[in-house]
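S.K.: Let me give you the structure first, and then I'll get to my questions.
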Amino acid sequence: MSDQPKSLFDKVWEKHIVEDESHDRPAVLYIDLHLVHEVTSPQAFSAIEERGLKVRRPDRTFATLDHSTPTLPPNAAGERPYFTADAKNQVETLERNTKNHGVKLFGWGSENRGVVHVMGPEMGLTQPGMTVVCGDSHTSTHGAFGCIAFGIGTSEVGHVLATQCLAQRKPKTMRVTVTGQLQAGVSGKDVALTIINRLGFGGGTGYALEYCGPVIEALDMEGRMTVCNLSIEAGARCGMIAPDQKTIEWLRGRAYVPADYEAAAAEWLKLKSDDGAVFDDEITIDGSVIEPMATWGTTPDQGAAVSKAVPVATNENEAKALKYMHFAGGEARDLAKVDVVFIGSCTNGRMSDLRAAAEIMKGRHIADGVRMLVVPGSEQVRAEAVAEGLDKIFTDAGAEWRLPGCSMCIAMNGDFVQPGQLAVSTSNRNFEGRQGPGARTVLASPATAAASAIAGHITDPRRYIA
Amino acid sequence: MSNQEPINTFSSRIAVLPEANIDTDQIIPARFLTTTSRKGLGVAAFNDWRYEKDGTPKPDFILNTIDASEHRVLVGGNNFGCGSSREHAPWALTDYGFKAVISTEIADIFTSNSLKNGLLPIVVTPEIHAKLLASPQQRVTIDLEANELRLEDGTVFIFKIEAFARQCLLEGVDAMGWLINRLPAIETYEREHAA
Ligand code: SF4
């Protein structure tokens, strides 16, 4: 190997090359961890079964139930309130497939079930330097641990089940440096929405991003996961952050981490980009001017500081988005009355997110006419939140406290926003109809979402922060 | 098993959806993802743009005005197929009858998924895109052997496509078989890395 300085991405990529790429052939990339959920896997299991194959490495394959699962409890007879018979069938199909192939499923009844990108890190399955894939575009979340982690389609889920490898071309790399220091009341979500706004919705297409700089270093692991989670919303396949002492402390003691933890940790610290590592592209963002953000359009890059007016459309695309959102353009943000607030998802469904929301909601009540759902990202998060009394703060404030799942992020399980309603959501996509047909979605941080629930209109959370 | 018919040369009329950033939630809304099959999603392609709430087709929406057997090339706005990794998006488009998607930019995962399902993603320059939008009734020819997109006015555009995916499309085979043939190398890797 050459002595050329290498980036974090290059180090992890090179370590996983089974066969290098050529003009005619992609690289064969080894996958350390394959996470599976019910929605994008049934056809992949069928595909390998049609060839008479078994899952090649069940020990590297872990499944959970999250996307189409109800967040309301079972009835007295123990029946779960599935939204449709198809949803129930899909869950049962994964239960059957994992059993037949000897794959561990964190399913109903498991205290470790959760949204796949909350569950993986929390169980210590996600470890620095790994390649991680899942049939879900927000797999980029795991990049917060210094992994190459990316979403794949169902055909590729089948490839990994069958061979533990993928045929891949090496992407370009881009370094995203966030300088300075965040103001109080500004979170990882606001950083991410600012980055996406700068890069543009497709601006990261073809790239692996590496986030660095003092703001990224100062974020806690959960904030870093939020930032990496949203990489795909700039079109990037993955986003990564170099492992540091925080990474090591956060993972320490988790269920699946290596037995010789200190030795592993020493290796992880070597992954960071070498001085002088070369990137195909670079951008720098001044973190000290980032404010609480909220989207105003129908793609995640269409965002602006909550304190500023809704922008006036400068092209047809923006005009179409404003029209869908029922915004005129140019009006103050707080004119928008909120119907629904959703706190949860793989973007913002972790403890620090729930704490940030609870801090604002404690001793307050949501405004009349607002419906608020708080959906923990996993059973572990739920248990910890209950132990801290956060569930009580939410229900006292008039919010609904639900069972873990994707819920209103993707609106497959019966939790959705009614046509025409305006939702402030801590999830990741504000596409037309994402939270239900005709639903209008504003993406924001947990603090901004909670503050907007209290105020009854979109508002800057800093007014409630002492 | 191959999951598609070989693609070589075909001619077709185009169907134009000029909006930018058409995401996979528009191509196939999440509530249709509870299927356990790859087939049958064509009727739900662009569901929320295509039908009224009561299920009646919206008369002006492009997919309701064309003949799917005649229009096999979809021309979309910039950054087509962004968003979720759902392979249900190319499944819905191919089930409807499309064999190619043309745009000035096509999202990574959608591209990768399309190539595995016999749906050819073709990225063109803004000039070519403008020509397609200017004559939305035209018939184009796609020649994968020559990497050519030929417009009605005689313009020939050479498109780029990843070499391996192209070979798979021309032969109608998928990458799983190729990966399975690499198993000896994969096993060696696992031994050397104690994986
Ligand atoms: S929470 Fe939303 S984005 Fe995350 S895995 Fe679930 S559906 Fe996907």
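To be explicit about the labels: the chains of the structure tokens are called A, B, and onward in the order shown, and within each one the residues are counted from 1, while ligands get numbers from 1 in the order they are shown.
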Give me the residues within 8 Å of segment 122-136 of chain A as a PDB file with N, CA, C and O atoms, in the first residue's frame, counting only C-alpha atoms and dropping any in the same chain fewer than 2 places off.

M.R.:
```pdb
ATOM      1  N   VAL A  12     -11.812   2.820   4.828  1.00  0.00           N
ATOM      2  CA  VAL A  12     -12.844   1.800   5.045  1.00  0.00           C
ATOM      3  C   VAL A  12     -13.134   1.067   3.733  1.00  0.00           C
ATOM      4  O   VAL A  12     -13.283  -0.155   3.714  1.00  0.00           O
ATOM      5  N   HIS A  16     -12.469  -3.292   2.458  1.00  0.00           N
ATOM      6  CA  HIS A  16     -13.597  -4.172   2.133  1.00  0.00           C
ATOM      7  C   HIS A  16     -13.630  -4.630   0.680  1.00  0.00           C
ATOM      8  O   HIS A  16     -14.636  -5.170   0.227  1.00  0.00           O
ATOM      9  N   TYR A  30     -17.201  -6.145   0.241  1.00  0.00           N
ATOM     10  CA  TYR A  30     -17.681  -7.001   1.331  1.00  0.00           C
ATOM     11  C   TYR A  30     -18.541  -6.190   2.301  1.00  0.00           C
ATOM     12  O   TYR A  30     -18.202  -5.062   2.651  1.00  0.00           O
ATOM     13  N   ILE A  31     -19.646  -6.773   2.730  1.00  0.00           N
ATOM     14  CA  ILE A  31     -20.570  -6.092   3.640  1.00  0.00           C
ATOM     15  C   ILE A  31     -20.490  -6.733   5.026  1.00  0.00           C
ATOM     16  O   ILE A  31     -20.740  -7.928   5.190  1.00  0.00           O
ATOM     17  N   ASP A  32     -20.155  -5.908   6.023  1.00  0.00           N
ATOM     18  CA  ASP A  32     -20.018  -6.435   7.384  1.00  0.00           C
ATOM     19  C   ASP A  32     -21.363  -6.637   8.058  1.00  0.00           C
ATOM     20  O   ASP A  32     -21.546  -7.575   8.821  1.00  0.00           O
ATOM     21  N   LEU A  33     -22.267  -5.694   7.830  1.00  0.00           N
ATOM     22  CA  LEU A  33     -23.541  -5.735   8.563  1.00  0.00           C
ATOM     23  C   LEU A  33     -24.683  -5.445   7.606  1.00  0.00           C
ATOM     24  O   LEU A  33     -24.672  -4.435   6.899  1.00  0.00           O
ATOM     25  N   HIS A  34     -25.654  -6.337   7.594  1.00  0.00           N
ATOM     26  CA  HIS A  34     -26.829  -6.178   6.726  1.00  0.00           C
ATOM     27  C   HIS A  34     -28.067  -6.115   7.619  1.00  0.00           C
ATOM     28  O   HIS A  34     -28.380  -7.068   8.316  1.00  0.00           O
ATOM     29  N   LEU A  35     -28.726  -4.983   7.600  1.00  0.00           N
ATOM     30  CA  LEU A  35     -29.944  -4.803   8.395  1.00  0.00           C
ATOM     31  C   LEU A  35     -31.157  -4.954   7.476  1.00  0.00           C
ATOM     32  O   LEU A  35     -31.144  -4.495   6.329  1.00  0.00           O
ATOM     33  N   VAL A  36     -32.178  -5.590   7.989  1.00  0.00           N
ATOM     34  CA  VAL A  36     -33.322  -5.975   7.157  1.00  0.00           C
ATOM     35  C   VAL A  36     -34.621  -5.559   7.847  1.00  0.00           C
ATOM     36  O   VAL A  36     -34.725  -5.665   9.070  1.00  0.00           O
ATOM     37  N   HIS A  37     -35.559  -5.043   7.088  1.00  0.00           N
ATOM     38  CA  HIS A  37     -36.897  -4.791   7.652  1.00  0.00           C
ATOM     39  C   HIS A  37     -37.957  -5.357   6.720  1.00  0.00           C
ATOM     40  O   HIS A  37     -37.644  -5.852   5.630  1.00  0.00           O
ATOM     41  N   THR A  40     -38.792  -3.931   2.421  1.00  0.00           N
ATOM     42  CA  THR A  40     -37.962  -4.070   1.216  1.00  0.00           C
ATOM     43  C   THR A  40     -37.282  -5.433   1.123  1.00  0.00           C
ATOM     44  O   THR A  40     -36.375  -5.620   0.323  1.00  0.00           O
ATOM     45  N   SER A  41     -37.706  -6.397   1.964  1.00  0.00           N
ATOM     46  CA  SER A  41     -37.015  -7.690   1.948  1.00  0.00           C
ATOM     47  C   SER A  41     -37.788  -8.872   1.370  1.00  0.00           C
ATOM     48  O   SER A  41     -37.151  -9.850   0.962  1.00  0.00           O
ATOM     49  N   ASN A 112     -35.650  -5.057  22.136  1.00  0.00           N
ATOM     50  CA  ASN A 112     -34.687  -4.359  21.279  1.00  0.00           C
ATOM     51  C   ASN A 112     -35.247  -3.989  19.921  1.00  0.00           C
ATOM     52  O   ASN A 112     -34.514  -3.508  19.061  1.00  0.00           O
ATOM     53  N   VAL A 118     -32.155   3.136  14.373  1.00  0.00           N
ATOM     54  CA  VAL A 118     -31.997   3.413  15.801  1.00  0.00           C
ATOM     55  C   VAL A 118     -31.478   2.138  16.461  1.00  0.00           C
ATOM     56  O   VAL A 118     -30.555   2.160  17.272  1.00  0.00           O
ATOM     57  N   MET A 119     -32.066   1.018  16.048  1.00  0.00           N
ATOM     58  CA  MET A 119     -31.739  -0.282  16.633  1.00  0.00           C
ATOM     59  C   MET A 119     -30.263  -0.671  16.409  1.00  0.00           C
ATOM     60  O   MET A 119     -29.589  -1.106  17.347  1.00  0.00           O
ATOM     61  N   GLY A 120     -29.765  -0.518  15.180  1.00  0.00           N
ATOM     62  CA  GLY A 120     -28.417  -0.989  14.855  1.00  0.00           C
ATOM     63  C   GLY A 120     -27.335  -0.420  15.770  1.00  0.00           C
ATOM     64  O   GLY A 120     -26.588  -1.169  16.406  1.00  0.00           O
ATOM     65  N   HIS A 138     -32.027   5.759   4.384  1.00  0.00           N
ATOM     66  CA  HIS A 138     -31.445   6.453   5.541  1.00  0.00           C
ATOM     67  C   HIS A 138     -30.415   5.622   6.291  1.00  0.00           C
ATOM     68  O   HIS A 138     -30.014   5.964   7.410  1.00  0.00           O
ATOM     69  N   THR A 139     -29.970   4.562   5.661  1.00  0.00           N
ATOM     70  CA  THR A 139     -28.875   3.757   6.204  1.00  0.00           C
ATOM     71  C   THR A 139     -27.634   4.622   6.410  1.00  0.00           C
ATOM     72  O   THR A 139     -26.755   4.288   7.207  1.00  0.00           O
ATOM     73  N   HIS A 142     -25.717   5.346   9.931  1.00  0.00           N
ATOM     74  CA  HIS A 142     -24.648   4.591  10.595  1.00  0.00           C
ATOM     75  C   HIS A 142     -23.265   5.164  10.292  1.00  0.00           C
ATOM     76  O   HIS A 142     -22.283   4.799  10.934  1.00  0.00           O
ATOM     77  N   PHE A 145     -20.713   6.647  12.849  1.00  0.00           N
ATOM     78  CA  PHE A 145     -19.719   5.854  13.574  1.00  0.00           C
ATOM     79  C   PHE A 145     -18.482   5.587  12.718  1.00  0.00           C
ATOM     80  O   PHE A 145     -17.674   4.722  13.049  1.00  0.00           O
ATOM     81  N   GLY A 146     -18.370   6.298  11.603  1.00  0.00           N
ATOM     82  CA  GLY A 146     -17.226   6.049  10.719  1.00  0.00           C
ATOM     83  C   GLY A 146     -17.413   4.803   9.874  1.00  0.00           C
ATOM     84  O   GLY A 146     -16.450   4.111   9.542  1.00  0.00           O
ATOM     85  N   CYS A 147     -18.662   4.505   9.536  1.00  0.00           N
ATOM     86  CA  CYS A 147     -18.952   3.366   8.654  1.00  0.00           C
ATOM     87  C   CYS A 147     -19.239   3.886   7.255  1.00  0.00           C
ATOM     88  O   CYS A 147     -19.730   5.002   7.094  1.00  0.00           O
ATOM     89  N   ILE A 148     -18.978   3.053   6.242  1.00  0.00           N
ATOM     90  CA  ILE A 148     -19.557   3.296   4.927  1.00  0.00           C
ATOM     91  C   ILE A 148     -20.916   2.619   4.972  1.00  0.00           C
ATOM     92  O   ILE A 148     -21.007   1.388   5.019  1.00  0.00           O
ATOM     93  N   ALA A 149     -21.953   3.417   5.022  1.00  0.00           N
ATOM     94  CA  ALA A 149     -23.299   2.884   5.243  1.00  0.00           C
ATOM     95  C   ALA A 149     -24.224   3.491   4.218  1.00  0.00           C
ATOM     96  O   ALA A 149     -24.315   4.711   4.113  1.00  0.00           O
ATOM     97  N   PHE A 150     -24.879   2.643   3.442  1.00  0.00           N
ATOM     98  CA  PHE A 150     -25.739   3.196   2.391  1.00  0.00           C
ATOM     99  C   PHE A 150     -26.943   2.312   2.120  1.00  0.00           C
ATOM    100  O   PHE A 150     -26.949   1.111   2.415  1.00  0.00           O
ATOM    101  N   GLY A 151     -27.956   2.962   1.569  1.00  0.00           N
ATOM    102  CA  GLY A 151     -29.195   2.276   1.255  1.00  0.00           C
ATOM    103  C   GLY A 151     -29.082   1.538  -0.060  1.00  0.00           C
ATOM    104  O   GLY A 151     -28.377   1.971  -0.969  1.00  0.00           O
ATOM    105  N   ILE A 152     -29.778   0.404  -0.150  1.00  0.00           N
ATOM    106  CA  ILE A 152     -29.758  -0.404  -1.370  1.00  0.00           C
ATOM    107  C   ILE A 152     -31.192  -0.780  -1.732  1.00  0.00           C
ATOM    108  O   ILE A 152     -32.084  -0.719  -0.894  1.00  0.00           O
ATOM    109  N   GLY A 153     -31.388  -1.175  -2.970  1.00  0.00           N
ATOM    110  CA  GLY A 153     -32.693  -1.645  -3.403  1.00  0.00           C
ATOM    111  C   GLY A 153     -32.870  -3.122  -3.073  1.00  0.00           C
ATOM    112  O   GLY A 153     -31.943  -3.785  -2.600  1.00  0.00           O
ATOM    113  N   THR A 154     -34.049  -3.620  -3.356  1.00  0.00           N
ATOM    114  CA  THR A 154     -34.368  -4.997  -2.979  1.00  0.00           C
ATOM    115  C   THR A 154     -33.528  -6.019  -3.737  1.00  0.00           C
ATOM    116  O   THR A 154     -33.149  -7.047  -3.172  1.00  0.00           O
ATOM    117  N   VAL A 157     -30.485  -6.234  -1.831  1.00  0.00           N
ATOM    118  CA  VAL A 157     -30.718  -6.952  -0.573  1.00  0.00           C
ATOM    119  C   VAL A 157     -30.535  -8.448  -0.846  1.00  0.00           C
ATOM    120  O   VAL A 157     -29.864  -9.162  -0.090  1.00  0.00           O
ATOM    121  N   PRO A 243     -14.547   8.396  13.816  1.00  0.00           N
ATOM    122  CA  PRO A 243     -14.729   7.981  15.200  1.00  0.00           C
ATOM    123  C   PRO A 243     -13.775   8.740  16.122  1.00  0.00           C
ATOM    124  O   PRO A 243     -12.627   8.991  15.758  1.00  0.00           O
ATOM    125  N   LEU A 251     -20.493   3.670  22.462  1.00  0.00           N
ATOM    126  CA  LEU A 251     -20.687   2.261  22.113  1.00  0.00           C
ATOM    127  C   LEU A 251     -20.317   1.300  23.249  1.00  0.00           C
ATOM    128  O   LEU A 251     -20.763   0.160  23.273  1.00  0.00           O
ATOM    129  N   ARG A 254     -22.287  -1.928  24.873  1.00  0.00           N
ATOM    130  CA  ARG A 254     -23.484  -2.329  24.117  1.00  0.00           C
ATOM    131  C   ARG A 254     -23.387  -3.797  23.705  1.00  0.00           C
ATOM    132  O   ARG A 254     -22.294  -4.375  23.635  1.00  0.00           O
ATOM    133  N   ALA A 255     -24.567  -4.385  23.420  1.00  0.00           N
ATOM    134  CA  ALA A 255     -24.687  -5.847  23.353  1.00  0.00           C
ATOM    135  C   ALA A 255     -23.693  -6.539  22.411  1.00  0.00           C
ATOM    136  O   ALA A 255     -23.115  -7.555  22.769  1.00  0.00           O
ATOM    137  N   TYR A 256     -23.490  -5.991  21.211  1.00  0.00           N
ATOM    138  CA  TYR A 256     -22.727  -6.739  20.216  1.00  0.00           C
ATOM    139  C   TYR A 256     -21.303  -6.216  19.993  1.00  0.00           C
ATOM    140  O   TYR A 256     -20.654  -6.617  19.027  1.00  0.00           O
ATOM    141  N   VAL A 257     -20.807  -5.333  20.840  1.00  0.00           N
ATOM    142  CA  VAL A 257     -19.463  -4.798  20.587  1.00  0.00           C
ATOM    143  C   VAL A 257     -18.403  -5.875  20.849  1.00  0.00           C
ATOM    144  O   VAL A 257     -18.660  -6.844  21.558  1.00  0.00           O
ATOM    145  N   TRP A 268     -10.153   1.779  15.854  1.00  0.00           N
ATOM    146  CA  TRP A 268     -11.171   2.718  15.361  1.00  0.00           C
ATOM    147  C   TRP A 268     -10.623   4.148  15.301  1.00  0.00           C
ATOM    148  O   TRP A 268     -10.939   4.909  14.398  1.00  0.00           O
ATOM    149  N   LEU A 271      -8.943   5.436  12.124  1.00  0.00           N
ATOM    150  CA  LEU A 271      -9.686   5.551  10.866  1.00  0.00           C
ATOM    151  C   LEU A 271      -9.783   6.978  10.331  1.00  0.00           C
ATOM    152  O   LEU A 271     -10.051   7.202   9.161  1.00  0.00           O
TER     153      LEU A 271
ATOM    154  N   SER B  84     -36.487   7.885  -1.455  1.00  0.00           N
ATOM    155  CA  SER B  84     -36.395   6.553  -0.864  1.00  0.00           C
ATOM    156  C   SER B  84     -35.747   5.539  -1.806  1.00  0.00           C
ATOM    157  O   SER B  84     -35.793   5.680  -3.028  1.00  0.00           O
ATOM    158  N   SER B  85     -35.181   4.482  -1.216  1.00  0.00           N
ATOM    159  CA  SER B  85     -34.484   3.450  -1.992  1.00  0.00           C
ATOM    160  C   SER B  85     -35.434   2.412  -2.568  1.00  0.00           C
ATOM    161  O   SER B  85     -34.995   1.449  -3.171  1.00  0.00           O
ATOM    162  N   ARG B  86     -36.722   2.603  -2.397  1.00  0.00           N
ATOM    163  CA  ARG B  86     -37.688   1.566  -2.781  1.00  0.00           C
ATOM    164  C   ARG B  86     -37.527   1.132  -4.243  1.00  0.00           C
ATOM    165  O   ARG B  86     -37.646   1.934  -5.161  1.00  0.00           O
TER     166      ARG B  86
END
```

S.K.: Give the residues close to ligand 1, within 9 Å, counting only C-alpha atoms and all ligand atoms; write them as a PyMOL selection string.

M.R.: (chain A and resi 37+66-68+115-118+136-139+229+344-349+377+405-412+427-429) or (chain B and resi 84)

S.K.: Kindly export the residues of the current selection with N, CA, C and O atoms, as a compact mmCIF listing (two decimals), in the first residue's frame.

M.R.:
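File selection-v7.txt, as written:
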```txt
# COMPACT_ATOMS: atom_id res chain seq x y z
N HIS A 37 -35.56 -5.04 7.09
CA HIS A 37 -36.90 -4.79 7.65
C HIS A 37 -37.96 -5.36 6.72
O HIS A 37 -37.64 -5.85 5.63
N ASP A 66 -40.51 -2.40 11.66
CA ASP A 66 -40.66 -0.98 11.99
C ASP A 66 -41.58 -0.21 11.05
O ASP A 66 -42.42 0.57 11.50
N HIS A 67 -41.49 -0.44 9.75
CA HIS A 67 -42.17 0.47 8.81
C HIS A 67 -43.69 0.37 8.83
O HIS A 67 -44.38 1.38 8.85
N SER A 68 -44.21 -0.86 8.78
CA SER A 68 -45.66 -0.97 8.67
C SER A 68 -46.31 -1.45 9.96
O SER A 68 -47.45 -1.89 9.97
N VAL A 115 -36.85 1.21 15.11
CA VAL A 115 -36.59 1.65 13.75
C VAL A 115 -35.16 1.21 13.43
O VAL A 115 -34.24 1.40 14.23
N VAL A 116 -34.99 0.63 12.28
CA VAL A 116 -33.76 -0.09 11.95
C VAL A 116 -32.48 0.74 12.21
O VAL A 116 -31.50 0.21 12.73
N HIS A 117 -32.52 2.03 11.94
CA HIS A 117 -31.31 2.85 12.13
C HIS A 117 -31.15 3.37 13.55
O HIS A 117 -30.17 4.02 13.88
N VAL A 118 -32.16 3.14 14.37
CA VAL A 118 -32.00 3.41 15.80
C VAL A 118 -31.48 2.14 16.46
O VAL A 118 -30.55 2.16 17.27
N ASP A 136 -32.94 0.60 2.67
CA ASP A 136 -33.54 1.82 3.18
C ASP A 136 -32.54 2.96 3.02
O ASP A 136 -31.39 2.84 3.44
N SER A 137 -32.98 4.05 2.41
CA SER A 137 -32.03 5.09 2.03
C SER A 137 -31.38 5.80 3.22
O SER A 137 -30.31 6.37 3.09
N HIS A 138 -32.03 5.76 4.38
CA HIS A 138 -31.45 6.45 5.54
C HIS A 138 -30.41 5.62 6.29
O HIS A 138 -30.01 5.96 7.41
N THR A 139 -29.97 4.56 5.66
CA THR A 139 -28.88 3.76 6.20
C THR A 139 -27.63 4.62 6.41
O THR A 139 -26.76 4.29 7.21
N ASN A 229 -27.80 10.84 8.87
CA ASN A 229 -29.10 10.35 8.40
C ASN A 229 -29.60 11.14 7.21
O ASN A 229 -30.15 10.58 6.26
N GLY A 344 -40.36 11.87 16.19
CA GLY A 344 -39.94 10.48 16.07
C GLY A 344 -39.10 10.30 14.83
O GLY A 344 -38.52 11.25 14.32
N SER A 345 -38.98 9.04 14.36
CA SER A 345 -38.26 8.61 13.16
C SER A 345 -36.79 8.31 13.43
O SER A 345 -36.26 8.63 14.50
N CYS A 346 -36.13 7.76 12.41
CA CYS A 346 -34.71 7.45 12.54
C CYS A 346 -33.87 8.71 12.52
O CYS A 346 -32.68 8.67 12.83
N THR A 347 -34.48 9.83 12.16
CA THR A 347 -33.75 11.10 12.17
C THR A 347 -33.72 11.69 13.58
O THR A 347 -32.67 12.15 14.05
N ASN A 348 -34.84 11.68 14.25
CA ASN A 348 -34.98 12.35 15.55
C ASN A 348 -35.86 11.57 16.52
O ASN A 348 -36.75 12.16 17.15
N GLY A 349 -35.62 10.28 16.65
CA GLY A 349 -36.45 9.50 17.57
C GLY A 349 -35.64 8.91 18.71
O GLY A 349 -36.00 7.90 19.29
N GLY A 377 -38.01 5.94 18.97
CA GLY A 377 -37.37 5.23 17.87
C GLY A 377 -37.17 3.75 18.11
O GLY A 377 -36.95 2.99 17.16
N GLY A 405 -41.76 2.80 16.16
CA GLY A 405 -41.94 2.44 14.75
C GLY A 405 -41.71 3.67 13.90
O GLY A 405 -41.45 4.76 14.41
N CYS A 406 -41.80 3.49 12.59
CA CYS A 406 -41.59 4.61 11.66
C CYS A 406 -42.78 5.57 11.66
O CYS A 406 -42.64 6.76 11.43
N SER A 407 -43.95 5.01 11.87
CA SER A 407 -45.15 5.82 12.09
C SER A 407 -45.34 6.88 11.02
O SER A 407 -45.28 6.60 9.83
N MET A 408 -45.55 8.11 11.44
CA MET A 408 -45.90 9.19 10.51
C MET A 408 -44.75 9.63 9.62
O MET A 408 -44.96 10.48 8.76
N CYS A 409 -43.56 9.09 9.80
CA CYS A 409 -42.48 9.44 8.88
C CYS A 409 -42.84 8.97 7.48
O CYS A 409 -42.58 9.66 6.51
N ILE A 410 -43.41 7.79 7.38
CA ILE A 410 -43.72 7.22 6.06
C ILE A 410 -45.20 6.91 5.90
O ILE A 410 -45.69 6.63 4.81
N ALA A 411 -45.94 6.98 7.03
CA ALA A 411 -47.41 6.87 6.99
C ALA A 411 -47.89 5.59 6.30
O ALA A 411 -48.79 5.61 5.48
N MET A 412 -47.24 4.47 6.63
CA MET A 412 -47.69 3.18 6.08
C MET A 412 -48.53 2.40 7.06
O MET A 412 -49.11 1.38 6.71
N SER A 427 -39.14 14.25 11.10
CA SER A 427 -38.66 13.21 10.19
C SER A 427 -37.79 13.82 9.10
O SER A 427 -37.20 14.89 9.30
N ASN A 428 -37.71 13.20 7.95
CA ASN A 428 -36.68 13.57 6.98
C ASN A 428 -37.19 13.94 5.59
O ASN A 428 -36.42 14.36 4.76
N ARG A 429 -38.46 13.73 5.32
CA ARG A 429 -38.94 14.02 3.97
C ARG A 429 -40.25 14.78 4.01
O ARG A 429 -41.18 14.39 4.70
N SER B 84 -36.49 7.89 -1.46
CA SER B 84 -36.40 6.55 -0.86
C SER B 84 -35.75 5.54 -1.81
O SER B 84 -35.79 5.68 -3.03
```

S.K.: At a cut-off of 7 Å, which residues of chain B touch chain A? Count only C-alpha atoms and give the answer as a short mmCIF file (atom, residue, chain, number, x, y, z; two decimals) with C-alpha atoms, in the first residue's frame.

M.R.:
```
data_model
loop_
_atom_site.label_atom_id
_atom_site.label_comp_id
_atom_site.auth_asym_id
_atom_site.auth_seq_id
_atom_site.Cartn_x
_atom_site.Cartn_y
_atom_site.Cartn_z
CA ALA B 20 -37.97 18.59 -11.24
CA ASP B 25 -42.85 8.66 -3.11
CA ALA B 30 -45.62 4.29 0.49
CA ARG B 31 -49.02 2.79 1.12
CA LEU B 33 -45.28 -0.90 -0.47
CA THR B 34 -46.97 -3.59 1.60
CA THR B 35 -46.83 -5.98 -1.34
CA THR B 36 -44.62 -9.06 -1.21
CA SER B 37 -44.44 -9.33 -5.02
CA ARG B 38 -42.55 -7.41 -7.71
CA ASN B 79 -33.04 14.87 -10.27
CA CYS B 82 -34.69 11.00 -5.67
CA GLY B 83 -35.71 10.01 -2.17
CA SER B 84 -36.40 6.55 -0.86
CA SER B 85 -34.48 3.45 -1.99
CA ARG B 86 -37.69 1.57 -2.78
CA GLU B 87 -37.18 -0.67 -5.80
CA ALA B 107 -30.66 9.80 -8.39
CA ASP B 108 -28.03 7.17 -7.48
CA ILE B 109 -30.13 4.47 -5.87
CA ASN B 113 -32.38 -0.18 -9.00
CA ALA B 163 -20.15 -0.85 -18.45
CA PHE B 164 -21.09 -3.84 -16.34
CA MET B 176 -26.59 -11.91 -8.55
CA LEU B 179 -21.60 -12.31 -7.60
CA ILE B 180 -22.33 -15.95 -6.88
CA LEU B 183 -17.79 -16.86 -4.10
CA ALA B 185 -12.76 -14.96 -3.90
CA ILE B 186 -15.28 -13.97 -1.24
CA TYR B 189 -11.38 -12.63 1.67
#
```

S.K.: Looking at A:Leu161, A:Ala76, A:Leu105, A:Leu373, which one is nearest to Val55 of chain A, with distances taken over only C-alpha atoms?

M.R.: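 Ranking A:Leu161, A:Ala76, A:Leu105, A:Leu373 by distance to Val55 of chain A, first place goes to A:Leu161.
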
S.K.: Residues near Leu170 of chain B, anyone? I mean within 12 Å using only C-alpha atoms, not counting same-chain ones fewer than 6 positions away, as a list in words.

M.R.: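 So, after excluding close chain neighbours, the residues are Ser2, Gln4, Glu5, Pro6, Ile7, Asn8, Thr9, Leu115, Lys116, Gly118, Leu119, Leu120, Asp143, Leu144, Glu145, Ala146, Asn147, Ile161, Ala163 and Phe164 of chain B.
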
S.K.: Point out the residue among B:Ala68, B:Glu152, B:Gln137, B:Glu105 with the least atom-to-atom distance to Val16 of chain B, counting only C-alpha atoms.

M.R.: B:Gln137
